[in-house]
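Report on one structure; see the data block that follows.
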Amino acid sequence: MSALQIQDVSLGYLTKREATLALESISFSVEDGEFISILGPSGCGKTTLLSIIAGLLKPTSGQVIVGNKQNNDSTIQIGYMLQQDYLFPWRTIEDNITLGLKIKGVYTEKTRAATLDWLQQLGLSDKKHLYPNQLSGGMRQRVALVRMLATNPSLMLLDEPFSALDYQTKLKLEDLVFDTLKSENKTAILVTHDIGEAIAMSDRVILLSPRPGRIHQIFTIPRDIAKALPFAARQHQDYNDQFQMIWKEMESLASTS
């Protein structure tokens with residue numbers, strides 16, 4: 001059974017002046033433990049699609065199935081990691097990472113201990129009594145990752161979570177997130193504008209066309225690249241070939257838009 005099924009999803013906006021179609025007839029499935037990236041030109045609906053999957057937006061037509069349930073089912077656990085960490089500045093790191101547990105009514109000593117264990121695994125156990133403004137950007141994103149993992153979601157949605165970081169921190173965090181999600185066999189979808197990041201982190205890359213966003217092409221990343229940590233994947237002998245292939249397709253979309 002697929003972890004996620006997107007079935008003929010379209011989304012249109014209606015204003016007094018015009019009707020705009022943002023996404024049209026999007027269909028694909030994601031298997032358990034698979035890491036998918038969504039690429040495309042600005043305005044093609046990448047983040048909109050992620051918001052539909054998360055249940056934050058309702059599609060005009062089509063449906064989203066997570067496991068065997070509609071994505072608006074309250075029992076479905078979906079994690080969302082954004083470009084900004086959105087940590088509450090007045091709460092300690094421990095308070096931030098356990099907030100989801102408290103909101104869902106599953107905060108116990110056992111779930112607290114499991115969450116603090118994640119903090120330790122990501123090298124931040126000594127920061128639990130600090131506040132967000134006392135941490136670096138990379139540390140804050142690690143905290144955001146722990147907060148997402150704490151509620152044990154079945155599906156992880158990542159919306160350009162590394163784009164605000166310096167390049168060295170970005171590369172290190174890519175490896176950390178990839179290794180963490182793969183070790184837990186988590187299913188993940190990453191929205192990014194970075195072709196290299198998409199190749200290095202993914203099993204497959206979905207390229208959307210300019211608005212209205214449609215699936216232009218789906219690339220399957222060679223297994224040797226897909227199973228390697230992102231930093232190592234960038235050094236693989238076939239990495240540049242994959243990059244050039246996707247780059248050319250993106251360029252073809254730009255020339256026709």
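Each chain of the structure tokens is named A, B, ... in the order shown, its residues numbered from 1; ligands are numbered from 1 in display order.
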Quick one: residues within 12 Å of Thr75 in chain A, only C-alpha atoms counted, chain neighbours fewer than 5 positions away excluded, as a PDB file with C-alpha atoms, in the first residue's frame?
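Here's the written file around_8.pdb:
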ATOM      1  CA  VAL A  66      -2.528   9.142   3.200  1.00  0.00           C
ATOM      2  CA  GLY A  67      -2.234   5.424   3.905  1.00  0.00           C
ATOM      3  CA  ASN A  68      -5.851   4.416   3.365  1.00  0.00           C
ATOM      4  CA  LYS A  69      -7.465   7.589   4.726  1.00  0.00           C
ATOM      5  CA  GLN A  70      -8.429  10.962   3.314  1.00  0.00           C
ATOM      6  CA  LYS A 104      -2.468  16.462  20.774  1.00  0.00           C
ATOM      7  CA  THR A 151       4.633  13.350  17.268  1.00  0.00           C
ATOM      8  CA  PRO A 153       4.156  11.513  11.870  1.00  0.00           C
ATOM      9  CA  SER A 154       3.674   8.987   9.090  1.00  0.00           C
TER      10      SER A 154
END
- request: Give me the residues within 7 Å of Arg214 in chain A as a PyMOL selection string, counting only C-alpha atoms and dropping any in the same chain fewer than 4 places off.
  value: chain A and resi 23-26+208-209
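Among A:Lys110, A:Arg234, A:Lys102, A:Arg91, the residue with the shortest atom-to-atom distance to Lys128 in chain A, counting only C-alpha atoms, is A:Arg91.
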message: Residues near range 198-201 of chain A, anyone? I mean within 9 Å using only C-alpha atoms, not counting same-chain ones fewer than 2 positions away, as a count of residues only.
response: 32
field: Backbone DSSP call of strand (DSSP E or B) for range 93-257 of chain A, listed as a PyMOL selection string
entry: chain A and resi 155-159+187-191+204-208+213+215-220
Next, the residues of the selection above should be written as a compact mmCIF listing (two decimals), in the first residue's frame with N, CA and C atoms.
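As a result, selection21.txt now contains:
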# COMPACT_ATOMS: atom_id res chain seq x y z
N LEU A 155 4.02 10.90 7.62
CA LEU A 155 4.45 11.59 6.40
C LEU A 155 5.11 12.90 6.78
N MET A 156 6.28 13.16 6.21
CA MET A 156 7.03 14.40 6.48
C MET A 156 6.97 15.31 5.25
N LEU A 157 6.59 16.56 5.45
CA LEU A 157 6.57 17.56 4.39
C LEU A 157 7.61 18.61 4.70
N LEU A 158 8.53 18.84 3.75
CA LEU A 158 9.65 19.75 3.95
C LEU A 158 9.59 20.85 2.89
N ASP A 159 9.33 22.08 3.31
CA ASP A 159 9.19 23.19 2.37
C ASP A 159 10.42 24.09 2.44
N THR A 187 8.53 8.50 5.30
CA THR A 187 8.17 8.95 3.95
C THR A 187 8.23 10.47 3.93
N ALA A 188 8.88 11.05 2.91
CA ALA A 188 9.08 12.50 2.92
C ALA A 188 8.90 13.10 1.54
N ILE A 189 8.40 14.33 1.52
CA ILE A 189 8.29 15.12 0.29
C ILE A 189 8.96 16.46 0.54
N LEU A 190 9.92 16.78 -0.30
CA LEU A 190 10.68 18.03 -0.19
C LEU A 190 10.34 18.95 -1.35
N VAL A 191 9.97 20.18 -1.04
CA VAL A 191 9.84 21.22 -2.06
C VAL A 191 11.12 22.02 -2.04
N ARG A 204 13.12 9.97 -6.12
CA ARG A 204 12.56 10.47 -7.38
C ARG A 204 12.39 11.99 -7.29
N VAL A 205 12.44 12.64 -8.44
CA VAL A 205 12.25 14.09 -8.53
C VAL A 205 11.09 14.35 -9.48
N ILE A 206 10.10 15.11 -9.00
CA ILE A 206 8.94 15.47 -9.81
C ILE A 206 9.10 16.91 -10.27
N LEU A 207 9.11 17.11 -11.57
CA LEU A 207 9.28 18.44 -12.16
C LEU A 207 7.92 18.95 -12.62
N LEU A 208 7.51 20.10 -12.07
CA LEU A 208 6.25 20.72 -12.44
C LEU A 208 6.47 21.77 -13.52
N GLY A 213 0.41 24.49 -12.66
CA GLY A 213 1.37 23.42 -12.42
C GLY A 213 0.82 22.06 -12.83
N ILE A 215 2.40 17.94 -13.90
CA ILE A 215 3.61 17.12 -13.86
C ILE A 215 4.21 17.07 -15.27
N HIS A 216 5.37 17.69 -15.40
CA HIS A 216 6.06 17.70 -16.69
C HIS A 216 6.85 16.41 -16.89
N GLN A 217 7.57 15.99 -15.84
CA GLN A 217 8.37 14.76 -15.94
C GLN A 217 8.73 14.28 -14.53
N ILE A 218 8.87 12.98 -14.37
CA ILE A 218 9.33 12.38 -13.12
C ILE A 218 10.64 11.66 -13.38
N PHE A 219 11.67 12.04 -12.63
CA PHE A 219 13.00 11.45 -12.78
C PHE A 219 13.26 10.47 -11.64
N THR A 220 13.69 9.26 -11.98
CA THR A 220 14.11 8.30 -10.98
C THR A 220 15.62 8.41 -10.81
